[in-house]
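The structure under discussion appears below in the form of structure tokens.
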Amino acid sequence: MHGSKRAVLILGMLFILLWSTLILLLVFIEKVILVYVKLSLLRSALGLLLAGLWVYSCYKFSRWIFHRFLNVIHSSH
Amino acid sequence: MYTYPIISILISSTVSYISMRLLIPILRAKGIISVDVHKPDRPTVANMGGISIFIGILASYILLVFLGVSQDLFIKLMTMLGVMLMATILGFLDDLKPIKGLLKTFLSIPAVLPIILSAKFYPHVIVIGRPEVPIVGRLRLTIVYWMLLPLAVAGPANAVNMLEVMNGIMPITCSLALIPIMIGQALLRRFEDIVLTASLFGALLGYLPFNKYPAKVFSGNLGSLLVGAYIGAIAILSRIEVLTMIALMPHLVNAFLVISSVGFKERREMSERPVRVGENGFIHVNPSRRAPITLVRFIVLISGPLKEKDIIKVITYLQVIASILAISTALLYLVKI
């Protein structure tokens, strides 16, 4: 496959993954946590924790993909 | 309903185009130039072209006020003008004397103040908080929203600034990002706010011919901070923060990758470059594990060496994907569970 097309495909899939998980996360926070957790402070803490976990997972996942490609370069040298 | 947005686009694009045409020789004569580092012959290019974007938006605002806008829209125009001025001044100072990355991020936080002040004095016009989210409607963020508000303008401003690394990237990606924003505003019936977005959209269209590959002018920090701050301010005023975040995904992913790899360092402060330019004009990935991770480095790592023009194409396609996702988000506003 042409290099630039491969870059669009892989990074495009990453964008779609980020988008879909973000929407799912927002729906989960609003429809589950904000409905079933009664204590206001706990709701805020849980919501922030989940959002933080999402950001951390995005960070780890994008770095993991990056380093997989970087390892290919290092192993070919 | 759509007369003012169309007038805004026509005026801001025309004024931005004409002012840029007149400004390029002046900027070059004054020695306001930068080196285009991604070309093998490293040509010099006029800098601070972002000033024409500012002039274009300002011209459309003046005409709108002259035509007689509603009081609500007038308040919003003045609020946006405040945000624009603060971001432009910061960018201008950064272009004159480079400001360190973390300090620049910190200094861009006050650009949100005009919105907070307007919301305080005109709460019936500008409502802060309760962002619209697809499927679930308005989020109930009372404490968290105020905690994140300082980043709502500073975040996009610095993210747009960080991705402006190649010819035409900023006007292309930002104008494509503004399309779903306008669709979202229309679907949420925020018709007055479309005028604000249309002014920037037109100014970017007028500026693009001079910044596209091979660039005759760079926007400078002035232009990228202004455009990013403006988009962030629109998101707050229209309460479409989530949609805007998705529309700016290439910028945010790039900023996230850079900050997570080297912190808030500026390009000029980095000891290792993310990419290297070969003599034949091909851009190669820097294989060092200590080099910053950027979107451009990620692209070249996946694809192999590419010419600058091809990298610009890849980023444009990625922005198209982000804009389609943002349009899907806007359509999901109509779905409620």
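Lettering and numbering for the structure tokens are positional, with chains as A, B, ... in the shown order, residues counted from 1 in each chain, and ligands counted from 1 in the shown order.
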Long-range neighbours of B:Val112 as a PyMOL selection string, 7 Å cut-off, only C-alpha atoms, 6 positions minimum in chain: chain B and resi 83+150+153
Output C-alpha atoms for every residue in that selection, as a compact mmCIF listing (two decimals), in the first residue's frame.
```txt
# COMPACT_ATOMS: atom_id res chain seq x y z
CA VAL B 83 -10.56 37.41 22.97
CA PRO B 150 -9.17 28.30 31.84
CA VAL B 153 -9.39 29.09 25.04
```
Please identify every residue of chain A that has at least one atom no more than 9 Å from any atom of chain B, counting only C-alpha atoms, and report them as a PyMOL selection string. chain A and resi 2-12+15-16+19+23+26-27+30-31+34+44+48+59+62-63+66-67+69-70+73-74
Selection: 12 Å around A:Ile33, only C-alpha atoms, excl. self and same-chain fewer than 2 positions, as a ChimeraX atom specification: /A:25-31,35-50 /B:140
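Residue-level DSSP output for stretch 61-257 of chain B, from the backbone, shows strand (DSSP E) at Glu132, Val133, Gly137 and Arg138 of chain B.
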Go ahead and save the residues from that selection, with N, CA and C atoms, as a PDB file, in the first residue's frame.
```pdb
ATOM      1  N   GLU B 132     -23.434  21.306  25.372  1.00  0.00           N
ATOM      2  CA  GLU B 132     -24.314  20.372  24.653  1.00  0.00           C
ATOM      3  C   GLU B 132     -23.507  19.150  24.237  1.00  0.00           C
ATOM      4  N   VAL B 133     -24.016  17.991  24.570  1.00  0.00           N
ATOM      5  CA  VAL B 133     -23.342  16.749  24.215  1.00  0.00           C
ATOM      6  C   VAL B 133     -24.320  15.892  23.417  1.00  0.00           C
ATOM      7  N   GLY B 137     -27.740  15.328  25.572  1.00  0.00           N
ATOM      8  CA  GLY B 137     -28.203  16.704  25.746  1.00  0.00           C
ATOM      9  C   GLY B 137     -27.191  17.522  26.531  1.00  0.00           C
ATOM     10  N   ARG B 138     -27.702  18.403  27.423  1.00  0.00           N
ATOM     11  CA  ARG B 138     -26.788  19.276  28.162  1.00  0.00           C
ATOM     12  C   ARG B 138     -26.179  18.545  29.349  1.00  0.00           C
TER      13      ARG B 138
END
```
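Omitting B:Cys174 and its sequence neighbours fewer than 5 positions away, and counting only C-alpha atoms, the residues within 10 Å are Val160, Ile169, Ile179, Leu200, Phe201, Leu204, Ser224, Val227, Gly228, Ile231, Ala247, Leu248, His251, Gln319 and Ser323 of chain B.
For B:Thr105, the set of protein, DNA and RNA residues having any atom at most 12 Å away, when counting only C-alpha atoms and skipping those fewer than 6 positions along the same chain, is Ala87, Leu90, Gly91, Asp94, Ile99, Ala111, Pro150, Leu151, Ala152, Val153, Ala154, Gly155, Pro156, Ala157, Asn158, Ala159, Asn161, Met162, Leu225, Ala229, Ala255, Ile259, Gly263, Phe264, Lys265 and Glu266 of chain B.
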Report the distance between atom CA of B:Ser118 and atom CA of B:Met78 in Å, rounded to one decimal place. 9.0 Å
Pull the alpha helix (DSSP H) assignments for stretch 16-141 of chain B out of DSSP run on the backbone, and list those residues as a PyMOL selection string. chain B and resi 16-29+50-67+71-96+101-108+113-121
